[in-house]
Amino acid sequence: MEIRLRVDCYEAGIGAVGGLATFHNNLYPRLLKRGFEVKTFSMRFREDLPTREDYKGVIIRRPSTDVDLDVAYAWTFDILRQYGIDVGYLSPSEIYMVPRYFTNFASVPSPYRMSLADIFSPHDWMSYLRSALFAWMHPDLVQAIFLHSTEPGRRGGIWHKNLSGTSEKLDFEEFDFRVKGDFASSFYSGLRLLRDLEFPLTYRILMRQPDSALFTVSRIHRKEYLFGLRAHGVKFGKVEDKVFAIYHGVDTEHYRPLSNVEREGFKIGFIGRCSPVKGIDIIPELASLLLRRIPEIKFHIVTKTDTQNPYYLTLLDKIHKMKLDDVIFIDNTFYNADEKVKVINSWHLLISPSRYEPQGQVDLEAMACGVVPAVGVGGLREKVIDGFNGIWINPYDIHETAEKIYQFYKGEYKGVKSEELSRNCREAAEKVWDWEKRADAHKEIYTYLFDGRVDDIKRDLEDLLLPTASQLL
């Protein structure tokens, strides 16, 4: 029987550039081959995007027009209030902080007849208003709700600190609370409206629909969501067994080793947002330490950002003052997927010193290219095994990070030859992280939800949802 899946994802199809689009565009066309009918409602964040698109068989619809701010405010107010969430603070100015996400997407009715759907799958806060509406209108419509990051994490209120990997315990040891060292204050970072959508609203949807489930992107991120519920006044134990983690994948046919790309000297690459949570600021000090031992070292930082971004300007200034202009190249370029493969292949090592990273994608892309990732914390530390398919670095300890990179440069890390690490990366990407394998996992979770078996997911599917490269050891 074909399962009719309706997806809400603000980035999807052509023209989309972010991590959510990478997820959507890799997963859902593959589910078509596994017995699903998939239709997606997405955002028209650029005028040149079509209102209707067939993306590899997935039908994508986008709003043909915006609604005005008052309509968006009224929709948001009424839905939150209907779910018992305090809206005393809410005004059009709150929505104006992120206007088009509401006026072009979140507050626009879906074009699909949801009464005919089997499963609804909303992604991130932009979709949760419709999630709440459909839970009210169609109480029997099962939902697979996806949370890819949280507002406190994006704003730097909390950082991950799972330096020894992610434990099974639900405690605070693996988090760094950045606002006065206080748990609640740190989770109150960012826009309250977005936090209300991510935490109390999703909780109330799960309470209303006991056969539905919420999926985070790593085990540390699952903890983050549960602690976020607690910080927002919710007893998360009532929904804890409906919240799961599931890892993303990588297209190993596209991201692959290239034989025609030259590697010069010893080049370390970074690619990601120009934000403190990504840890780029440690690179100048790291480069200075390594330059004393590796004269041929170069760093290539790829970070597409506003040239007036204060963090970007501070980074440029630091590089100049430390006289590292010939060592560190700041590349303010957005590379398309084909160009990105070539760039990654030009590096000897990828560095991702994130302080907050729910899932991480670039580690998988580097592994698929046979480039060893040196990763910080969060979900990165769950997919990379130190000394097998990557290197664990401590973004809070630059000297330790420099020593580990130097060992790799010398040809051996933790008793494993650098070339073998590279081979392990590619093998792990192909056998564990390939999107075909991850699509099989998603097929299972959607099928279990369709069959009303949410209570069996943890028992039956955990190894499928959360594989590790240790399966190759």
# chains A, B, ... in the order shown; residues from 1 in each chain; ligands from 1
>>> residues_around(residues="Ser167 of chain A", least_positions_apart="3", cutoff="9 Å", atoms="only C-alpha atoms", output="PDB file with all heavy atoms, in the first residue's frame")
ATOM      1  N   ASN A 162      29.980  17.611  24.948  1.00  0.00           N
ATOM      2  CA  ASN A 162      30.090  16.157  25.072  1.00  0.00           C
ATOM      3  C   ASN A 162      31.484  15.708  24.617  1.00  0.00           C
ATOM      4  O   ASN A 162      31.653  14.962  23.660  1.00  0.00           O
ATOM      5  CB  ASN A 162      28.986  15.445  24.288  1.00  0.00           C
ATOM      6  CG  ASN A 162      28.901  15.883  22.829  1.00  0.00           C
ATOM      7  OD1 ASN A 162      29.337  16.975  22.465  1.00  0.00           O
ATOM      8  ND2 ASN A 162      28.326  15.036  21.992  1.00  0.00           N
ATOM      9  N   SER A 164      33.594  13.692  25.764  1.00  0.00           N
ATOM     10  CA  SER A 164      33.879  12.255  25.828  1.00  0.00           C
ATOM     11  C   SER A 164      32.845  11.445  25.048  1.00  0.00           C
ATOM     12  O   SER A 164      32.689  10.243  25.272  1.00  0.00           O
ATOM     13  CB  SER A 164      33.905  11.791  27.292  1.00  0.00           C
ATOM     14  OG  SER A 164      34.902  12.474  28.016  1.00  0.00           O
ATOM     15  N   LEU A 170      20.697  11.552  31.315  1.00  0.00           N
ATOM     16  CA  LEU A 170      20.069  12.855  31.104  1.00  0.00           C
ATOM     17  C   LEU A 170      20.531  13.790  32.224  1.00  0.00           C
ATOM     18  O   LEU A 170      19.863  13.954  33.244  1.00  0.00           O
ATOM     19  CB  LEU A 170      18.539  12.716  31.111  1.00  0.00           C
ATOM     20  CG  LEU A 170      17.886  12.346  29.782  1.00  0.00           C
ATOM     21  CD1 LEU A 170      16.406  12.052  29.969  1.00  0.00           C
ATOM     22  CD2 LEU A 170      18.074  13.456  28.752  1.00  0.00           C
ATOM     23  N   GLU A 174      27.009  17.591  29.754  1.00  0.00           N
ATOM     24  CA  GLU A 174      27.446  17.708  28.363  1.00  0.00           C
ATOM     25  C   GLU A 174      26.976  19.013  27.713  1.00  0.00           C
ATOM     26  O   GLU A 174      26.974  19.131  26.486  1.00  0.00           O
ATOM     27  CB  GLU A 174      26.958  16.499  27.573  1.00  0.00           C
ATOM     28  CG  GLU A 174      27.618  15.205  28.046  1.00  0.00           C
ATOM     29  CD  GLU A 174      26.931  13.956  27.531  1.00  0.00           C
ATOM     30  OE1 GLU A 174      26.000  14.082  26.712  1.00  0.00           O
ATOM     31  OE2 GLU A 174      27.312  12.860  27.962  1.00  0.00           O
ATOM     32  N   ARG A 219      21.819  12.230  19.425  1.00  0.00           N
ATOM     33  CA  ARG A 219      21.463  11.936  20.815  1.00  0.00           C
ATOM     34  C   ARG A 219      21.644  13.163  21.703  1.00  0.00           C
ATOM     35  O   ARG A 219      20.822  13.412  22.588  1.00  0.00           O
ATOM     36  CB  ARG A 219      22.299  10.765  21.329  1.00  0.00           C
ATOM     37  CG  ARG A 219      21.922   9.439  20.674  1.00  0.00           C
ATOM     38  CD  ARG A 219      22.632   8.265  21.325  1.00  0.00           C
ATOM     39  NE  ARG A 219      24.060   8.329  21.080  1.00  0.00           N
ATOM     40  CZ  ARG A 219      25.000   7.961  21.960  1.00  0.00           C
ATOM     41  NH1 ARG A 219      24.649   7.499  23.148  1.00  0.00           N
ATOM     42  NH2 ARG A 219      26.275   8.026  21.654  1.00  0.00           N
ATOM     43  N   ILE A 220      22.694  13.950  21.447  1.00  0.00           N
ATOM     44  CA  ILE A 220      22.892  15.167  22.247  1.00  0.00           C
ATOM     45  C   ILE A 220      21.775  16.167  21.961  1.00  0.00           C
ATOM     46  O   ILE A 220      21.312  16.890  22.855  1.00  0.00           O
ATOM     47  CB  ILE A 220      24.282  15.799  21.969  1.00  0.00           C
ATOM     48  CG1 ILE A 220      24.579  16.944  22.949  1.00  0.00           C
ATOM     49  CG2 ILE A 220      24.399  16.300  20.537  1.00  0.00           C
ATOM     50  CD1 ILE A 220      24.900  16.499  24.340  1.00  0.00           C
TER      51      ILE A 220
END
>>> residues_around(residues="segment 177-190 of chain A", least_positions_apart="6", cutoff="10 Å", atoms="only C-alpha atoms", output="PyMOL selection string")
chain A and resi 150-161+224+227-233
>>> closest_residue(among="A:Ala117, A:Val377, A:Leu291, A:Val341", to="Ala402 of chain A", atoms="only C-alpha atoms")
A:Leu291
>>> select_by_dssp(residues="segment 307-458 of chain A", states="strand (DSSP E)", output="JSON, numbers by chain")
{"A": [328, 329, 330, 331, 349, 350, 351, 352, 372, 373, 374, 375, 391, 392, 412, 413, 416, 417]}
>>> closest_residue(among="A:Ile385, A:Ile60, A:Val38, A:Ile294", to="Ile14 of chain A", atoms="only C-alpha atoms")
A:Ile60
>>> residues_around(residues="segment 85-93 of chain A", least_positions_apart="6", cutoff="12 Å", atoms="only C-alpha atoms", output="ChimeraX atom specification")
/A:68-79,99,102-103,191-197,199-205,232-234
>>> closest_atom_pairs(of="segment 338-444 of chain A", to="segment 255-271 of chain A", cutoff="12 Å", atoms="only C-alpha atoms", output="JSON lines")
{"residue": "A:Asp338", "atom": "CA", "partner": "A:Tyr255", "partner_atom": "CA", "distance": 8.6}
{"residue": "A:Glu339", "atom": "CA", "partner": "A:Tyr255", "partner_atom": "CA", "distance": 10.6}
{"residue": "A:Lys340", "atom": "CA", "partner": "A:Tyr255", "partner_atom": "CA", "distance": 8.8}
{"residue": "A:Val341", "atom": "CA", "partner": "A:Tyr255", "partner_atom": "CA", "distance": 5.8}
{"residue": "A:Lys342", "atom": "CA", "partner": "A:Val261", "partner_atom": "CA", "distance": 6.8}
{"residue": "A:Val343", "atom": "CA", "partner": "A:Gly269", "partner_atom": "CA", "distance": 8.6}
{"residue": "A:Ile344", "atom": "CA", "partner": "A:Gly269", "partner_atom": "CA", "distance": 7.3}
{"residue": "A:Asn345", "atom": "CA", "partner": "A:Leu258", "partner_atom": "CA", "distance": 6.5}
{"residue": "A:Ser346", "atom": "CA", "partner": "A:Arg263", "partner_atom": "CA", "distance": 5.1}
{"residue": "A:Trp347", "atom": "CA", "partner": "A:Lys267", "partner_atom": "CA", "distance": 5.1}
{"residue": "A:His348", "atom": "CA", "partner": "A:Lys267", "partner_atom": "CA", "distance": 5.4}
{"residue": "A:Leu349", "atom": "CA", "partner": "A:Ile268", "partner_atom": "CA", "distance": 4.9}
{"residue": "A:Leu350", "atom": "CA", "partner": "A:Gly269", "partner_atom": "CA", "distance": 4.8}
{"residue": "A:Ile351", "atom": "CA", "partner": "A:Phe270", "partner_atom": "CA", "distance": 5.4}
{"residue": "A:Ser352", "atom": "CA", "partner": "A:Phe270", "partner_atom": "CA", "distance": 6.3}
{"residue": "A:Pro353", "atom": "CA", "partner": "A:Phe270", "partner_atom": "CA", "distance": 8.9}
{"residue": "A:Ser354", "atom": "CA", "partner": "A:Phe270", "partner_atom": "CA", "distance": 10.6}
{"residue": "A:Gly360", "atom": "CA", "partner": "A:Ile271", "partner_atom": "CA", "distance": 11.2}
{"residue": "A:Gln361", "atom": "CA", "partner": "A:Ile271", "partner_atom": "CA", "distance": 10.3}
{"residue": "A:Val362", "atom": "CA", "partner": "A:Ile271", "partner_atom": "CA", "distance": 7.4}
{"residue": "A:Asp363", "atom": "CA", "partner": "A:Ile271", "partner_atom": "CA", "distance": 10.0}
{"residue": "A:Leu364", "atom": "CA", "partner": "A:Tyr255", "partner_atom": "CA", "distance": 9.0}
{"residue": "A:Glu365", "atom": "CA", "partner": "A:Tyr255", "partner_atom": "CA", "distance": 6.0}
{"residue": "A:Ala366", "atom": "CA", "partner": "A:Tyr255", "partner_atom": "CA", "distance": 7.8}
{"residue": "A:Met367", "atom": "CA", "partner": "A:Arg256", "partner_atom": "CA", "distance": 8.5}
{"residue": "A:Ala368", "atom": "CA", "partner": "A:Arg256", "partner_atom": "CA", "distance": 5.3}
{"residue": "A:Cys369", "atom": "CA", "partner": "A:Arg256", "partner_atom": "CA", "distance": 4.1}
{"residue": "A:Gly370", "atom": "CA", "partner": "A:Pro257", "partner_atom": "CA", "distance": 5.7}
{"residue": "A:Val371", "atom": "CA", "partner": "A:Pro257", "partner_atom": "CA", "distance": 8.1}
{"residue": "A:Val372", "atom": "CA", "partner": "A:Ile268", "partner_atom": "CA", "distance": 10.1}
{"residue": "A:Pro373", "atom": "CA", "partner": "A:Gly269", "partner_atom": "CA", "distance": 9.5}
{"residue": "A:Ala374", "atom": "CA", "partner": "A:Ile268", "partner_atom": "CA", "distance": 9.6}
{"residue": "A:Val375", "atom": "CA", "partner": "A:Phe270", "partner_atom": "CA", "distance": 10.6}
{"residue": "A:Ala402", "atom": "CA", "partner": "A:Ile268", "partner_atom": "CA", "distance": 11.8}
{"residue": "A:Ile405", "atom": "CA", "partner": "A:Ile268", "partner_atom": "CA", "distance": 9.5}
{"residue": "A:Tyr406", "atom": "CA", "partner": "A:Phe266", "partner_atom": "CA", "distance": 10.6}
{"residue": "A:Phe408", "atom": "CA", "partner": "A:Phe266", "partner_atom": "CA", "distance": 10.8}
{"residue": "A:Tyr409", "atom": "CA", "partner": "A:Phe266", "partner_atom": "CA", "distance": 7.8}
{"residue": "A:Lys410", "atom": "CA", "partner": "A:Phe266", "partner_atom": "CA", "distance": 10.8}
{"residue": "A:Gly411", "atom": "CA", "partner": "A:Phe266", "partner_atom": "CA", "distance": 11.9}
{"residue": "A:Ser422", "atom": "CA", "partner": "A:Pro257", "partner_atom": "CA", "distance": 10.1}
{"residue": "A:Arg423", "atom": "CA", "partner": "A:Pro257", "partner_atom": "CA", "distance": 10.2}
{"residue": "A:Cys425", "atom": "CA", "partner": "A:Arg256", "partner_atom": "CA", "distance": 10.7}
{"residue": "A:Arg426", "atom": "CA", "partner": "A:Arg256", "partner_atom": "CA", "distance": 7.9}
{"residue": "A:Glu427", "atom": "CA", "partner": "A:Arg256", "partner_atom": "CA", "distance": 10.9}
{"residue": "A:Ala429", "atom": "CA", "partner": "A:Tyr255", "partner_atom": "CA", "distance": 9.5}
{"residue": "A:Glu430", "atom": "CA", "partner": "A:Arg256", "partner_atom": "CA", "distance": 9.7}
{"residue": "A:Trp433", "atom": "CA", "partner": "A:Tyr255", "partner_atom": "CA", "distance": 11.7}
{"residue": "A:Asp434", "atom": "CA", "partner": "A:Tyr255", "partner_atom": "CA", "distance": 10.1}
{"residue": "A:Trp435", "atom": "CA", "partner": "A:Tyr255", "partner_atom": "CA", "distance": 11.4}
>>> write_last_selection(atoms="N, CA and C atoms", output="CSV table (one decimal), in the first residue's frame")
chain,number,residue,atom,x,y,z
A,338,ASP,N,28.7,20.8,-7.0
A,338,ASP,CA,29.9,20.3,-7.8
A,338,ASP,C,31.2,20.9,-7.3
A,339,GLU,N,31.1,22.3,-7.2
A,339,GLU,CA,32.3,23.0,-6.8
A,339,GLU,C,32.8,22.6,-5.4
A,340,LYS,N,31.8,22.4,-4.5
A,340,LYS,CA,32.1,22.0,-3.1
A,340,LYS,C,32.9,20.7,-3.0
A,341,VAL,N,32.5,19.7,-3.9
A,341,VAL,CA,33.3,18.5,-3.9
A,341,VAL,C,34.7,18.7,-4.2
A,342,LYS,N,35.0,19.6,-5.2
A,342,LYS,CA,36.4,19.9,-5.6
A,342,LYS,C,37.1,20.6,-4.5
A,343,VAL,N,36.5,21.5,-3.8
A,343,VAL,CA,37.1,22.2,-2.7
A,343,VAL,C,37.5,21.3,-1.6
A,344,ILE,N,36.6,20.4,-1.2
A,344,ILE,CA,36.9,19.5,-0.1
A,344,ILE,C,38.0,18.6,-0.5
A,345,ASN,N,38.1,18.1,-1.8
A,345,ASN,CA,39.1,17.2,-2.2
A,345,ASN,C,40.5,17.9,-2.2
A,346,SER,N,40.5,19.2,-2.2
A,346,SER,CA,41.8,20.0,-2.2
A,346,SER,C,42.4,20.0,-0.8
A,347,TRP,N,41.7,19.6,0.2
A,347,TRP,CA,42.2,19.6,1.6
A,347,TRP,C,42.8,18.3,2.0
A,348,HIS,N,43.8,18.4,2.9
A,348,HIS,CA,44.3,17.2,3.5
A,348,HIS,C,43.5,16.8,4.8
A,349,LEU,N,42.9,17.8,5.4
A,349,LEU,CA,42.1,17.6,6.6
A,349,LEU,C,41.0,18.6,6.7
A,350,LEU,N,39.9,18.2,7.1
A,350,LEU,CA,38.8,19.2,7.4
A,350,LEU,C,38.7,19.4,8.9
A,351,ILE,N,38.6,20.7,9.2
A,351,ILE,CA,38.4,21.1,10.6
A,351,ILE,C,37.0,21.6,10.8
A,352,SER,N,36.3,21.1,11.8
A,352,SER,CA,35.0,21.6,12.2
A,352,SER,C,34.9,21.7,13.7
A,353,PRO,N,35.5,22.8,14.2
A,353,PRO,CA,35.6,23.0,15.7
A,353,PRO,C,34.3,23.6,16.3
A,354,SER,N,33.2,23.0,15.9
A,354,SER,CA,31.9,23.6,16.4
A,354,SER,C,31.8,23.4,17.9
A,360,GLY,N,25.4,18.2,12.1
A,360,GLY,CA,26.6,18.3,11.3
A,360,GLY,C,26.5,17.6,10.0
A,361,GLN,N,26.9,18.2,8.9
A,361,GLN,CA,26.8,17.6,7.6
A,361,GLN,C,28.2,17.5,6.9
A,362,VAL,N,29.0,18.5,7.2
A,362,VAL,CA,30.3,18.6,6.5
A,362,VAL,C,31.2,17.5,6.8
A,363,ASP,N,31.1,17.0,8.0
A,363,ASP,CA,31.9,15.8,8.4
A,363,ASP,C,31.6,14.6,7.5
A,364,LEU,N,30.3,14.4,7.2
A,364,LEU,CA,30.0,13.3,6.3
A,364,LEU,C,30.4,13.6,4.9
A,365,GLU,N,30.3,14.8,4.5
A,365,GLU,CA,30.8,15.1,3.1
A,365,GLU,C,32.3,15.0,3.0
A,366,ALA,N,33.0,15.4,4.0
A,366,ALA,CA,34.5,15.2,4.0
A,366,ALA,C,34.8,13.7,3.9
A,367,MET,N,34.2,12.9,4.8
A,367,MET,CA,34.4,11.5,4.9
A,367,MET,C,34.2,10.8,3.5
A,368,ALA,N,33.1,11.2,2.9
A,368,ALA,CA,32.7,10.6,1.6
A,368,ALA,C,33.8,10.9,0.5
A,369,CYS,N,34.5,12.1,0.7
A,369,CYS,CA,35.6,12.5,-0.2
A,369,CYS,C,36.9,11.8,0.2
A,370,GLY,N,36.9,11.1,1.3
A,370,GLY,CA,38.1,10.5,1.8
A,370,GLY,C,39.0,11.5,2.5
A,371,VAL,N,38.4,12.6,2.9
A,371,VAL,CA,39.2,13.6,3.7
A,371,VAL,C,38.8,13.5,5.2
A,372,VAL,N,39.8,13.3,6.0
A,372,VAL,CA,39.6,13.0,7.4
A,372,VAL,C,39.1,14.3,8.1
A,373,PRO,N,37.9,14.2,8.8
A,373,PRO,CA,37.4,15.3,9.6
A,373,PRO,C,38.0,15.4,11.0
A,374,ALA,N,38.4,16.6,11.4
A,374,ALA,CA,38.8,16.8,12.8
A,374,ALA,C,37.6,17.6,13.4
A,375,VAL,N,36.8,17.0,14.3
A,375,VAL,CA,35.6,17.6,14.7
A,375,VAL,C,35.5,18.0,16.1
A,402,ALA,N,46.0,21.4,18.3
A,402,ALA,CA,47.2,21.5,17.5
A,402,ALA,C,48.1,20.2,17.6
A,405,ILE,N,46.5,17.5,15.4
A,405,ILE,CA,46.6,17.7,14.0
A,405,ILE,C,48.1,17.5,13.6
A,406,TYR,N,49.0,17.8,14.4
A,406,TYR,CA,50.4,17.6,14.1
A,406,TYR,C,50.7,16.1,14.0
A,408,PHE,N,48.6,13.8,13.0
A,408,PHE,CA,48.1,13.4,11.8
A,408,PHE,C,49.0,13.8,10.6
A,409,TYR,N,49.5,15.0,10.7
A,409,TYR,CA,50.5,15.5,9.7
A,409,TYR,C,51.7,14.6,9.6
A,410,LYS,N,52.2,14.1,10.7
A,410,LYS,CA,53.4,13.3,10.7
A,410,LYS,C,53.1,11.9,10.2
A,411,GLY,N,51.8,11.6,10.0
A,411,GLY,CA,51.5,10.3,9.3
A,411,GLY,C,50.8,9.3,10.1
A,422,SER,N,41.9,7.9,6.2
A,422,SER,CA,41.2,8.3,5.0
A,422,SER,C,40.4,7.2,4.4
A,423,ARG,N,41.0,6.0,4.2
A,423,ARG,CA,40.2,4.9,3.7
A,423,ARG,C,39.0,4.5,4.5
A,425,CYS,N,37.3,6.5,6.3
A,425,CYS,CA,36.3,7.6,6.1
A,425,CYS,C,35.4,7.2,5.0
A,426,ARG,N,36.0,6.9,3.8
A,426,ARG,CA,35.3,6.6,2.7
A,426,ARG,C,34.4,5.4,2.9
A,427,GLU,N,35.0,4.3,3.5
A,427,GLU,CA,34.3,3.1,3.7
A,427,GLU,C,33.1,3.3,4.6
A,429,ALA,N,31.5,6.1,5.1
A,429,ALA,CA,30.5,6.9,4.3
A,429,ALA,C,29.6,6.0,3.4
A,430,GLU,N,30.3,5.1,2.7
A,430,GLU,CA,29.6,4.2,1.8
A,430,GLU,C,28.7,3.2,2.5
A,433,TRP,N,26.7,5.7,6.1
A,433,TRP,CA,26.1,7.0,6.1
A,433,TRP,C,25.5,7.3,4.7
A,434,ASP,N,25.6,6.4,3.7
A,434,ASP,CA,25.0,6.7,2.4
A,434,ASP,C,23.5,7.0,2.5
A,435,TRP,N,23.0,7.9,1.7
A,435,TRP,CA,21.6,8.3,1.9
A,435,TRP,C,20.7,7.1,1.5
>>> residues_around(residues="Leu465 of chain A", least_positions_apart="4", cutoff="9 Å", atoms="only C-alpha atoms", output="list in words")
Phe244, Ala245, Ile246, Tyr247, Arg438, Ala441, His442, Ile445, Lys458 and Leu461 of chain A
>>> decode(residues="segment 104-125 of chain A", atoms="N, CA, C and O atoms", output="PDB file, in the first residue's frame")
ATOM      1  N   ASN A 104       5.126  34.489   4.231  1.00  0.00           N
ATOM      2  CA  ASN A 104       5.193  33.723   3.000  1.00  0.00           C
ATOM      3  C   ASN A 104       5.097  32.219   3.219  1.00  0.00           C
ATOM      4  O   ASN A 104       4.967  31.469   2.268  1.00  0.00           O
ATOM      5  N   PHE A 105       5.163  31.773   4.463  1.00  0.00           N
ATOM      6  CA  PHE A 105       5.181  30.328   4.662  1.00  0.00           C
ATOM      7  C   PHE A 105       4.391  29.880   5.878  1.00  0.00           C
ATOM      8  O   PHE A 105       3.361  29.218   5.765  1.00  0.00           O
ATOM      9  N   ALA A 106       4.837  30.234   7.073  1.00  0.00           N
ATOM     10  CA  ALA A 106       4.262  29.668   8.292  1.00  0.00           C
ATOM     11  C   ALA A 106       2.781  29.971   8.452  1.00  0.00           C
ATOM     12  O   ALA A 106       2.030  29.160   8.987  1.00  0.00           O
ATOM     13  N   SER A 107       2.356  31.126   7.968  1.00  0.00           N
ATOM     14  CA  SER A 107       0.968  31.547   8.181  1.00  0.00           C
ATOM     15  C   SER A 107       0.101  31.379   6.944  1.00  0.00           C
ATOM     16  O   SER A 107      -1.021  31.879   6.894  1.00  0.00           O
ATOM     17  N   VAL A 108       0.616  30.693   5.942  1.00  0.00           N
ATOM     18  CA  VAL A 108      -0.138  30.468   4.712  1.00  0.00           C
ATOM     19  C   VAL A 108      -0.709  29.051   4.732  1.00  0.00           C
ATOM     20  O   VAL A 108       0.019  28.099   5.004  1.00  0.00           O
ATOM     21  N   PRO A 109      -2.005  28.879   4.480  1.00  0.00           N
ATOM     22  CA  PRO A 109      -2.591  27.526   4.496  1.00  0.00           C
ATOM     23  C   PRO A 109      -1.934  26.612   3.470  1.00  0.00           C
ATOM     24  O   PRO A 109      -1.491  27.046   2.409  1.00  0.00           O
ATOM     25  N   SER A 110      -1.887  25.340   3.793  1.00  0.00           N
ATOM     26  CA  SER A 110      -1.318  24.350   2.874  1.00  0.00           C
ATOM     27  C   SER A 110      -2.230  24.175   1.664  1.00  0.00           C
ATOM     28  O   SER A 110      -3.453  24.212   1.787  1.00  0.00           O
ATOM     29  N   PRO A 111      -1.662  23.957   0.484  1.00  0.00           N
ATOM     30  CA  PRO A 111      -2.487  23.724  -0.705  1.00  0.00           C
ATOM     31  C   PRO A 111      -2.970  22.282  -0.804  1.00  0.00           C
ATOM     32  O   PRO A 111      -3.722  21.947  -1.721  1.00  0.00           O
ATOM     33  N   TYR A 112      -2.545  21.422   0.123  1.00  0.00           N
ATOM     34  CA  TYR A 112      -2.880  20.007   0.020  1.00  0.00           C
ATOM     35  C   TYR A 112      -4.100  19.655   0.873  1.00  0.00           C
ATOM     36  O   TYR A 112      -4.341  20.260   1.918  1.00  0.00           O
ATOM     37  N   ARG A 113      -4.830  18.656   0.438  1.00  0.00           N
ATOM     38  CA  ARG A 113      -6.013  18.185   1.167  1.00  0.00           C
ATOM     39  C   ARG A 113      -5.530  17.201   2.238  1.00  0.00           C
ATOM     40  O   ARG A 113      -5.346  16.010   1.971  1.00  0.00           O
ATOM     41  N   MET A 114      -5.354  17.724   3.421  1.00  0.00           N
ATOM     42  CA  MET A 114      -4.711  16.934   4.466  1.00  0.00           C
ATOM     43  C   MET A 114      -5.599  15.803   4.974  1.00  0.00           C
ATOM     44  O   MET A 114      -5.107  14.838   5.553  1.00  0.00           O
ATOM     45  N   SER A 115      -6.885  15.899   4.732  1.00  0.00           N
ATOM     46  CA  SER A 115      -7.780  14.808   5.155  1.00  0.00           C
ATOM     47  C   SER A 115      -7.513  13.532   4.366  1.00  0.00           C
ATOM     48  O   SER A 115      -7.933  12.452   4.770  1.00  0.00           O
ATOM     49  N   LEU A 116      -6.799  13.639   3.241  1.00  0.00           N
ATOM     50  CA  LEU A 116      -6.473  12.472   2.427  1.00  0.00           C
ATOM     51  C   LEU A 116      -5.078  11.934   2.721  1.00  0.00           C
ATOM     52  O   LEU A 116      -4.690  10.893   2.176  1.00  0.00           O
ATOM     53  N   ALA A 117      -4.318  12.644   3.557  1.00  0.00           N
ATOM     54  CA  ALA A 117      -2.941  12.242   3.835  1.00  0.00           C
ATOM     55  C   ALA A 117      -2.901  11.125   4.875  1.00  0.00           C
ATOM     56  O   ALA A 117      -3.813  10.972   5.693  1.00  0.00           O
ATOM     57  N   ASP A 118      -1.823  10.354   4.853  1.00  0.00           N
ATOM     58  CA  ASP A 118      -1.596   9.318   5.861  1.00  0.00           C
ATOM     59  C   ASP A 118      -0.667   9.798   6.968  1.00  0.00           C
ATOM     60  O   ASP A 118      -0.847   9.443   8.129  1.00  0.00           O
ATOM     61  N   ILE A 119       0.341  10.577   6.605  1.00  0.00           N
ATOM     62  CA  ILE A 119       1.314  11.095   7.573  1.00  0.00           C
ATOM     63  C   ILE A 119       1.666  12.518   7.178  1.00  0.00           C
ATOM     64  O   ILE A 119       1.836  12.839   6.000  1.00  0.00           O
ATOM     65  N   PHE A 120       1.791  13.368   8.190  1.00  0.00           N
ATOM     66  CA  PHE A 120       2.260  14.732   7.979  1.00  0.00           C
ATOM     67  C   PHE A 120       3.610  14.878   8.656  1.00  0.00           C
ATOM     68  O   PHE A 120       3.792  14.451   9.802  1.00  0.00           O
ATOM     69  N   SER A 121       4.587  15.473   7.939  1.00  0.00           N
ATOM     70  CA  SER A 121       5.934  15.606   8.482  1.00  0.00           C
ATOM     71  C   SER A 121       6.409  17.052   8.381  1.00  0.00           C
ATOM     72  O   SER A 121       6.882  17.495   7.332  1.00  0.00           O
ATOM     73  N   PRO A 122       6.278  17.831   9.478  1.00  0.00           N
ATOM     74  CA  PRO A 122       6.762  19.212   9.480  1.00  0.00           C
ATOM     75  C   PRO A 122       8.221  19.289   9.938  1.00  0.00           C
ATOM     76  O   PRO A 122       8.663  18.494  10.770  1.00  0.00           O
ATOM     77  N   HIS A 123       8.946  20.251   9.384  1.00  0.00           N
ATOM     78  CA  HIS A 123      10.370  20.408   9.694  1.00  0.00           C
ATOM     79  C   HIS A 123      10.653  21.815  10.220  1.00  0.00           C
ATOM     80  O   HIS A 123      10.472  22.808   9.523  1.00  0.00           O
ATOM     81  N   ASP A 124      11.099  21.864  11.457  1.00  0.00           N
ATOM     82  CA  ASP A 124      11.540  23.087  12.128  1.00  0.00           C
ATOM     83  C   ASP A 124      10.390  24.068  12.383  1.00  0.00           C
ATOM     84  O   ASP A 124       9.262  23.893  11.933  1.00  0.00           O
ATOM     85  N   TRP A 125      10.725  25.119  13.150  1.00  0.00           N
ATOM     86  CA  TRP A 125       9.696  25.988  13.725  1.00  0.00           C
ATOM     87  C   TRP A 125       8.792  26.616  12.682  1.00  0.00           C
ATOM     88  O   TRP A 125       7.638  26.924  12.970  1.00  0.00           O
TER      89      TRP A 125
END
